[in-house]
$ cat my_file.cif   # mmCIF, C-alpha atoms
data_entry
#
loop_
_atom_site.label_atom_id
_atom_site.label_comp_id
_atom_site.auth_asym_id
_atom_site.auth_seq_id
_atom_site.Cartn_x
_atom_site.Cartn_y
_atom_site.Cartn_z
CA MET A 60 177.80 108.67 -90.03
CA SER A 61 180.16 110.20 -87.44
CA HIS A 62 180.92 108.61 -84.08
CA SER A 63 178.77 111.20 -82.29
CA GLU A 64 175.83 110.70 -84.64
CA GLU A 65 176.00 106.93 -84.29
CA LEU A 66 176.17 107.13 -80.48
CA LEU A 67 173.35 109.66 -80.39
CA GLU A 68 171.15 107.29 -82.36
CA ARG A 69 171.99 104.44 -79.97
CA ILE A 70 171.11 106.61 -76.98
CA ARG A 71 167.82 107.72 -78.51
CA SER A 72 166.87 104.13 -79.32
CA ARG A 73 168.00 103.07 -75.81
CA THR A 74 170.30 100.40 -77.22
CA ALA A 75 173.40 102.15 -75.89
CA ARG A 76 174.98 100.11 -73.10
CA VAL A 77 175.58 102.20 -69.98
CA GLY A 78 178.47 101.37 -67.66
CA VAL A 79 178.48 102.68 -64.08
CA ILE A 80 181.77 102.54 -62.18
CA GLY A 81 181.30 102.49 -58.42
CA LEU A 82 178.18 100.82 -57.03
CA GLY A 83 177.83 102.83 -53.86
CA TYR A 84 175.10 105.27 -52.78
CA VAL A 85 175.61 107.27 -56.00
CA GLY A 86 176.36 104.62 -58.61
CA LEU A 87 173.77 102.00 -57.66
CA PRO A 88 170.73 104.33 -57.91
CA LEU A 89 172.12 105.60 -61.21
CA ALA A 90 172.44 102.08 -62.59
CA LEU A 91 168.90 101.30 -61.47
CA ILE A 92 167.29 104.33 -63.13
CA PHE A 93 169.04 103.65 -66.44
CA GLU A 94 167.87 100.04 -66.31
CA GLU A 95 164.33 101.24 -65.56
CA ALA A 96 164.59 103.60 -68.54
CA GLY A 97 165.22 100.63 -70.82
CA PHE A 98 169.00 100.73 -71.25
CA PRO A 99 171.25 97.68 -70.91
CA VAL A 100 173.53 98.43 -67.93
CA ILE A 101 176.78 97.03 -66.54
CA GLY A 102 177.75 98.05 -63.01
CA PHE A 103 181.42 97.88 -62.03
CA ASP A 104 182.98 97.77 -58.57
CA VAL A 105 186.34 96.71 -57.17
CA ASP A 106 184.64 95.10 -54.16
CA PRO A 107 183.43 91.62 -55.22
CA ALA A 108 180.94 91.53 -52.34
CA LYS A 109 178.78 94.18 -54.02
CA PRO A 110 178.15 92.43 -57.36
CA GLU A 111 177.62 89.16 -55.51
CA ALA A 112 175.01 90.72 -53.21
CA LEU A 113 173.23 92.45 -56.08
CA HIS A 114 172.98 89.27 -58.14
CA ARG A 115 171.44 87.57 -55.09
CA GLY A 116 168.81 90.34 -55.04
CA GLU A 117 170.19 91.94 -51.89
CA SER A 118 170.71 95.64 -51.18
CA TYR A 119 173.55 96.96 -49.04
CA ILE A 120 172.23 100.54 -49.14
CA ARG A 121 169.53 101.21 -46.56
CA HIS A 122 167.20 103.44 -48.59
CA ILE A 123 167.26 101.13 -51.65
CA GLY A 124 164.95 98.18 -51.08
CA ALA A 125 166.03 94.64 -51.85
CA GLU A 126 162.82 94.17 -53.84
CA LYS A 127 163.84 96.93 -56.24
CA VAL A 128 167.30 95.43 -56.71
CA ALA A 129 165.97 91.91 -57.19
CA ALA A 130 163.42 93.05 -59.77
CA ALA A 131 166.01 95.01 -61.75
CA PHE A 132 168.46 92.12 -61.93
CA ALA A 133 165.70 89.61 -62.67
CA ARG A 134 164.78 91.50 -65.85
CA GLY A 135 168.17 90.62 -67.28
CA HIS A 136 169.20 94.06 -68.54
CA LEU A 137 171.42 94.88 -65.55
CA VAL A 138 174.53 93.01 -64.47
CA ALA A 139 177.26 93.81 -61.93
CA THR A 140 180.87 92.76 -62.17
CA THR A 141 184.46 93.35 -61.03
CA ASP A 142 185.73 92.65 -64.55
CA PHE A 143 186.82 96.05 -65.86
CA ASP A 144 187.79 94.50 -69.18
CA ARG A 145 184.08 94.74 -69.98
CA LEU A 146 184.29 98.53 -70.14
CA GLY A 147 184.89 98.12 -73.85
CA GLU A 148 181.31 96.83 -74.19
CA CYS A 149 179.88 100.10 -72.88
CA ASP A 150 178.80 103.02 -75.04
CA ALA A 151 178.56 105.41 -72.07
CA ILE A 152 180.68 105.15 -68.94
CA LEU A 153 179.65 107.03 -65.78
CA ILE A 154 182.35 107.36 -63.11
CA CYS A 155 181.05 107.46 -59.51
CA VAL A 156 184.14 106.92 -57.35
CA PRO A 157 185.09 108.48 -53.98
CA THR A 158 186.98 111.77 -53.70
CA PRO A 159 188.29 111.86 -50.11
CA LEU A 160 190.78 114.24 -48.50
CA GLY A 161 194.38 113.47 -47.62
CA LYS A 162 195.77 113.89 -44.11
CA HIS A 163 196.52 117.57 -44.78
CA ARG A 164 193.02 118.25 -46.16
CA GLU A 165 194.31 118.12 -49.72
CA PRO A 166 192.22 116.49 -52.48
CA ASP A 167 192.85 112.80 -52.98
CA LEU A 168 192.18 112.12 -56.67
CA SER A 169 193.73 108.66 -56.64
CA PHE A 170 190.39 106.93 -57.30
CA ILE A 171 189.60 109.23 -60.23
CA ARG A 172 193.08 108.81 -61.69
CA SER A 173 193.16 105.03 -61.44
CA THR A 174 189.63 104.81 -62.88
CA ALA A 175 190.49 107.16 -65.74
CA GLU A 176 193.46 104.94 -66.60
CA GLU A 177 191.24 101.86 -66.44
CA VAL A 178 188.67 103.48 -68.73
CA ALA A 179 191.35 104.62 -71.18
CA ALA A 180 192.83 101.13 -71.33
CA GLN A 181 189.52 99.80 -72.71
CA ALA A 182 188.40 102.93 -74.56
CA ARG A 183 187.32 102.85 -78.19
CA PRO A 184 185.90 105.37 -80.65
CA GLY A 185 182.25 106.21 -80.07
CA GLN A 186 182.21 106.17 -76.26
CA LEU A 187 180.92 108.83 -73.86
CA VAL A 188 182.75 109.19 -70.52
CA VAL A 189 181.11 111.19 -67.73
CA LEU A 190 182.66 111.96 -64.36
CA GLU A 191 180.15 112.33 -61.50
CA SER A 192 182.51 112.42 -58.51
CA THR A 193 182.59 115.72 -56.60
CA THR A 194 185.83 117.57 -57.29
CA TYR A 195 187.40 120.95 -58.04
CA PRO A 196 186.99 122.80 -61.36
CA GLY A 197 189.35 121.47 -64.00
CA THR A 198 189.48 117.84 -62.87
CA THR A 199 187.58 116.40 -65.83
CA ARG A 200 189.78 118.24 -68.32
CA GLU A 201 193.02 117.58 -66.41
CA GLU A 202 192.54 113.99 -65.21
CA VAL A 203 189.98 112.23 -67.44
CA VAL A 204 190.94 113.60 -70.86
CA PRO A 205 194.75 113.03 -70.99
CA PRO A 206 194.63 109.19 -70.63
CA LEU A 207 192.12 109.07 -73.48
CA GLU A 208 194.30 111.31 -75.64
CA ALA A 209 197.30 109.09 -74.85
CA ARG A 210 195.36 106.25 -76.48
CA GLY A 211 195.09 108.37 -79.63
CA LEU A 212 191.40 109.19 -79.11
CA ARG A 213 190.46 112.78 -79.93
CA PRO A 214 187.91 114.29 -77.51
CA GLY A 215 184.89 115.65 -79.32
CA GLN A 216 185.55 113.56 -82.40
CA GLU A 217 186.21 109.95 -81.42
CA VAL A 218 185.49 109.98 -77.69
CA PHE A 219 183.22 112.30 -75.75
CA VAL A 220 183.65 113.65 -72.23
CA ALA A 221 181.43 115.48 -69.72
CA PHE A 222 180.97 116.18 -66.03
CA SER A 223 177.62 115.74 -64.30
CA PRO A 224 177.72 116.01 -60.50
CA GLU A 225 175.83 113.59 -58.32
CA ARG A 226 173.10 115.11 -56.17
CA GLU A 227 172.04 112.19 -54.00
CA ASP A 228 170.28 112.77 -50.69
CA PRO A 229 169.89 109.25 -49.27
CA GLY A 230 166.60 108.64 -47.53
CA ASN A 231 164.91 111.82 -48.80
CA ALA A 232 161.27 110.87 -49.35
CA SER A 233 160.58 113.72 -51.79
CA PHE A 234 163.68 113.81 -53.96
CA HIS A 235 165.49 110.91 -55.59
CA THR A 236 167.78 110.23 -58.54
CA ARG A 237 165.06 110.52 -61.17
CA ASN A 238 163.47 113.83 -60.10
CA ILE A 239 166.55 115.76 -58.95
CA PRO A 240 167.62 118.08 -61.81
CA LYS A 241 170.86 116.89 -63.44
CA VAL A 242 173.52 119.49 -64.25
CA VAL A 243 175.59 118.51 -67.31
CA GLY A 244 178.72 120.21 -68.65
CA GLY A 245 180.24 118.78 -71.82
CA LEU A 246 183.82 119.26 -72.98
CA ASP A 247 182.58 120.32 -76.43
CA PRO A 248 179.23 120.65 -78.24
CA ALA A 249 179.11 117.01 -79.34
CA SER A 250 179.87 115.76 -75.81
CA GLN A 251 177.25 118.13 -74.40
CA GLU A 252 174.55 116.88 -76.74
CA LEU A 253 175.35 113.24 -76.05
CA ALA A 254 175.50 113.61 -72.26
CA THR A 255 172.36 115.76 -72.14
CA THR A 256 170.45 113.28 -74.29
CA LEU A 257 171.63 110.32 -72.22
CA TYR A 258 170.61 111.79 -68.87
CA GLY A 259 167.42 113.19 -70.36
CA ALA A 260 166.32 109.63 -71.11
CA ALA A 261 166.51 108.66 -67.42
CA VAL A 262 165.90 111.80 -65.32
CA GLU A 263 163.08 114.33 -65.45
CA THR A 264 165.12 117.52 -65.80
CA VAL A 265 168.55 118.15 -67.33
CA VAL A 266 170.32 121.48 -66.80
CA PRO A 267 172.99 122.06 -69.47
CA VAL A 268 175.89 124.38 -68.62
CA SER A 269 178.70 125.69 -70.78
CA SER A 270 181.60 123.55 -69.57
CA PRO A 271 182.71 120.79 -67.18
CA GLU A 272 184.30 123.46 -65.00
CA VAL A 273 180.95 125.22 -64.46
CA ALA A 274 179.32 121.90 -63.50
CA GLU A 275 182.20 121.03 -61.17
CA ALA A 276 182.02 124.43 -59.47
CA ALA A 277 178.23 124.29 -59.18
CA LYS A 278 178.43 121.10 -57.14
CA LEU A 279 181.02 122.61 -54.83
CA LEU A 280 178.93 125.75 -54.38
CA GLU A 281 175.93 123.65 -53.35
CA ASN A 282 177.92 121.91 -50.63
CA ILE A 283 179.84 125.01 -49.55
CA PHE A 284 176.53 126.87 -49.16
CA ARG A 285 175.40 124.23 -46.68
CA ALA A 286 178.75 124.07 -44.87
CA VAL A 287 178.94 127.84 -44.37
CA ASN A 288 175.36 128.17 -43.18
CA ILE A 289 175.70 125.23 -40.81
CA ALA A 290 178.83 126.90 -39.43
CA LEU A 291 176.82 130.10 -38.90
CA ALA A 292 174.17 128.15 -36.99
CA ASN A 293 176.88 126.46 -34.94
CA GLU A 294 178.51 129.78 -34.10
CA MET A 295 175.14 131.25 -33.11
CA LYS A 296 174.73 128.27 -30.79
CA LEU A 297 178.10 128.97 -29.13
CA VAL A 298 177.39 132.68 -28.70
CA LEU A 299 173.78 132.36 -27.54
CA ASP A 300 174.63 129.62 -25.06
CA ARG A 301 176.94 132.10 -23.31
CA MET A 302 174.11 134.64 -23.28
CA GLY A 303 171.58 132.19 -21.91
CA VAL A 304 169.42 132.42 -25.05
CA ASN A 305 167.79 129.33 -26.58
CA VAL A 306 169.17 129.05 -30.13
CA TRP A 307 166.41 126.66 -31.21
CA GLU A 308 163.69 129.15 -30.28
CA VAL A 309 165.65 131.87 -32.08
CA ILE A 310 165.78 129.81 -35.29
CA GLU A 311 162.07 128.98 -35.08
CA ALA A 312 161.27 132.67 -34.72
CA ALA A 313 163.59 133.72 -37.55
CA LYS A 314 162.21 131.19 -40.01
CA THR A 315 158.73 132.74 -39.80
CA LYS A 316 160.11 135.43 -42.12
CA PRO A 317 158.73 134.48 -45.55
CA PHE A 318 161.70 135.81 -47.53
CA GLY A 319 165.46 136.25 -47.20
CA PHE A 320 166.00 133.50 -44.62
CA MET A 321 166.57 129.76 -44.76
CA PRO A 322 166.87 127.79 -41.50
CA PHE A 323 170.01 125.79 -40.73
CA TYR A 324 170.57 124.06 -37.43
CA PRO A 325 173.54 123.54 -35.10
CA GLY A 326 174.77 120.10 -34.22
CA PRO A 327 177.77 117.89 -33.47
CA GLY A 328 178.18 116.79 -37.08
CA LEU A 329 177.38 117.92 -40.59
CA GLY A 330 175.45 114.89 -41.83
CA GLY A 331 176.81 112.65 -44.54
CA HIS A 332 180.38 112.65 -45.80
CA CYS A 333 180.20 115.39 -48.49
CA ILE A 334 179.86 118.57 -46.45
CA PRO A 335 182.94 118.06 -44.21
CA LEU A 336 185.13 117.25 -47.26
CA ASP A 337 184.03 118.87 -50.49
CA PRO A 338 184.53 122.56 -49.58
CA PHE A 339 188.24 121.92 -49.08
CA TYR A 340 188.56 120.82 -52.70
CA LEU A 341 187.89 124.43 -53.65
CA THR A 342 190.12 125.98 -50.98
CA TRP A 343 193.03 123.82 -52.18
CA LYS A 344 192.48 124.71 -55.81
CA ALA A 345 191.97 128.38 -54.94
CA ALA A 346 195.36 128.49 -53.21
CA GLU A 347 196.92 127.09 -56.38
CA HIS A 348 195.57 130.19 -58.14
CA GLY A 349 196.83 132.56 -55.45
CA VAL A 350 193.49 133.06 -53.72
CA TRP A 351 192.82 132.21 -50.07
CA ALA A 352 189.21 131.07 -49.52
CA ARG A 353 189.07 132.36 -45.95
CA PHE A 354 185.30 132.16 -45.54
CA ILE A 355 185.25 128.45 -46.41
CA GLU A 356 188.24 127.71 -44.18
CA LEU A 357 186.65 129.53 -41.25
CA ALA A 358 183.42 127.58 -41.68
CA GLY A 359 185.44 124.36 -41.67
CA ASP A 360 187.17 125.38 -38.44
CA VAL A 361 183.87 126.20 -36.71
CA ASN A 362 182.24 122.94 -37.79
CA THR A 363 185.29 120.84 -36.92
CA GLY A 364 185.24 122.17 -33.37
CA MET A 365 181.60 121.26 -32.69
CA PRO A 366 182.04 117.58 -31.70
CA ALA A 367 184.41 118.56 -28.89
CA TYR A 368 182.03 121.32 -27.75
CA VAL A 369 179.09 118.92 -27.60
CA VAL A 370 181.13 116.35 -25.65
CA ASP A 371 182.28 118.99 -23.17
CA LEU A 372 178.70 120.22 -22.78
CA SER A 373 177.51 116.66 -22.08
CA LEU A 374 180.21 116.18 -19.45
CA ILE A 375 179.17 119.40 -17.72
CA HIS A 376 175.53 118.25 -17.60
CA ILE A 377 176.56 114.81 -16.29
CA SER A 378 178.72 116.30 -13.53
#
$ encode --input "my_file.cif" --output "structure tokens"
Amino acid sequence: MSHSEELLERIRSRTARVGVIGLGYVGLPLALIFEEAGFPVIGFDVDPAKPEALHRGESYIRHIGAEKVAAAFARGHLVATTDFDRLGECDAILICVPTPLGKHREPDLSFIRSTAEEVAAQARPGQLVVLESTTYPGTTREEVVPPLEARGLRPGQEVFVAFSPEREDPGNASFHTRNIPKVVGGLDPASQELATTLYGAAVETVVPVSSPEVAEAAKLLENIFRAVNIALANEMKLVLDRMGVNVWEVIEAAKTKPFGFMPFYPGPGLGGHCIPLDPFYLTWKAAEHGVWARFIELAGDVNTGMPAYVVDLSLIHIS
């Protein structure tokens, strides 16, 4: 039996041990749904306070109740640790680490790189490694694969690699980790089958795509779509304020159209940390390929200027 066949059997029987690196607002819900689906799970984090809180039955994420955490850890199939030497125990490793920007709005892949090295140090034949962190197309192939190859593990034969972007919307009452469709792009057919089968055991809908690059780009498109449309709403606010027209009434009127329009709203911030950051991962990578993503950059400039505009407006009303 090949490594992929053996791992596939373990996934289908739910005896595969799932490791989740990064127990924040993405990783913790992921660990919980795999535990609920019947898999043994190990959660990893560099911050010792997180595993300690979880083992006490406490939640440090507002929309995840302490009762849910306590029940999951009480069942004995989920543990949390800072001991990355235990990565070798895992059959599937899901990487959910931050991808911030540097001071010049360039991608900071330091967390992905250090985690990829950590994973490779403990890697063994028959493991599936999936990156979930939002990043530019090519990251999985360029940053996750080489450390594994340096260990002598051949992707698609001895170790399997995929990208599946997180789609968390904390506090959303209608959509959560289990019922949000999961896009999955494997490095090769064996990796695709393994990753699709794994996620299919824990989430309601899996959306396979042809490569990690397609999955990486899809996540960026989702966030860029929001960033650009929020920028449009913000610019409408600036223009209509000068004209003495109420932008909120305009949006309410426009959204009565039953097709071809989706309402976005102006404001001092974009909500969450993804939208102000993620679009610039694509603009940076685009420039590397000789393309200037002017539309995305312009949206970023409009949105970045809104906090100052709102403050100035408040000062005018106060005076």
$ residues_near_point --input "my_file.cif" --point "(171.1, 91.2, -60.7)" --cutoff "7 Å" --atoms "all atoms listed in the file" --output "number ranges by chain"
A: 113-116, 128-129, 131-133, 137-139
$ write_last_selection --input "my_file.cif" --atoms "C-alpha atoms" --output "PDB file, in the coordinates of the input"
ATOM      1  CA  LEU A 113     173.230  92.450 -56.080  1.00  0.00           C
ATOM      2  CA  HIS A 114     172.980  89.270 -58.140  1.00  0.00           C
ATOM      3  CA  ARG A 115     171.440  87.570 -55.090  1.00  0.00           C
ATOM      4  CA  GLY A 116     168.810  90.340 -55.040  1.00  0.00           C
ATOM      5  CA  VAL A 128     167.300  95.430 -56.710  1.00  0.00           C
ATOM      6  CA  ALA A 129     165.970  91.910 -57.190  1.00  0.00           C
ATOM      7  CA  ALA A 131     166.010  95.010 -61.750  1.00  0.00           C
ATOM      8  CA  PHE A 132     168.460  92.120 -61.930  1.00  0.00           C
ATOM      9  CA  ALA A 133     165.700  89.610 -62.670  1.00  0.00           C
ATOM     10  CA  LEU A 137     171.420  94.880 -65.550  1.00  0.00           C
ATOM     11  CA  VAL A 138     174.530  93.010 -64.470  1.00  0.00           C
ATOM     12  CA  ALA A 139     177.260  93.810 -61.930  1.00  0.00           C
TER      13      ALA A 139
END
$ resolve_selection --input "my_file.cif" --expression "the PyMOL selection byres ((chain A and resi 327) around 10)" --output "VMD selection string"
chain A and resid 293 325 to 326 328 to 330 362 to 370
$ resolve_selection --input "my_file.cif" --expression "the PyMOL selection byres ((chain A and resi 285-291) around 9)" --output "JSON, numbers by chain"
{"A": [280, 281, 282, 283, 284, 292, 293, 294, 295, 296, 322, 323, 324, 325, 326, 329, 334, 335, 338, 354, 355, 357, 358, 359, 360, 361, 362]}
$ residues_around --input "my_file.cif" --residues "region 60-75 of chain A" --least-positions-apart "6" --cutoff "10 Å" --atoms "only C-alpha atoms" --output "ChimeraX atom specification"
/A:93-94,96-100,148-151,184-187,215-219,249-250,252-254,256-260
$ closest_residue --input "my_file.cif" --among "A:Pro88, A:Pro157, A:Gly83, A:Gly230" --to "Ala108 (chain A)" --atoms "all atoms listed in the file"
A:Gly83
$ atom_distance --input "my_file.cif" --atom1 "CA of Ala175 (chain A)" --atom2 "CA of Val220 (chain A)"
11.4 Å
$ closest_residue --input "my_file.cif" --among "A:Ile239, A:Leu299, A:Ala182, A:Leu146" --to "Thr264 (chain A)" --atoms "all atoms listed in the file"
A:Ile239
$ atom_distance --input "my_file.cif" --atom1 "CA of Thr174 (chain A)" --atom2 "CA of Gly245 (chain A)"
19.1 Å
$ closest_residue --input "my_file.cif" --among "A:Ser269, A:Thr158, A:Gln251, A:Thr198" --to "Ala221 (chain A)" --atoms "only C-alpha atoms"
A:Gln251
$ residues_near_point --input "my_file.cif" --point "(192.7, 108.1, -52.7)" --cutoff "9 Å" --atoms "only C-alpha atoms" --output "PyMOL selection string"
chain A and resi 157-161+166-171
$ closest_residue --input "my_file.cif" --among "A:Ala180, A:Val273, A:Ala313, A:Val156" --to "Pro206 (chain A)" --atoms "only C-alpha atoms"
A:Ala180
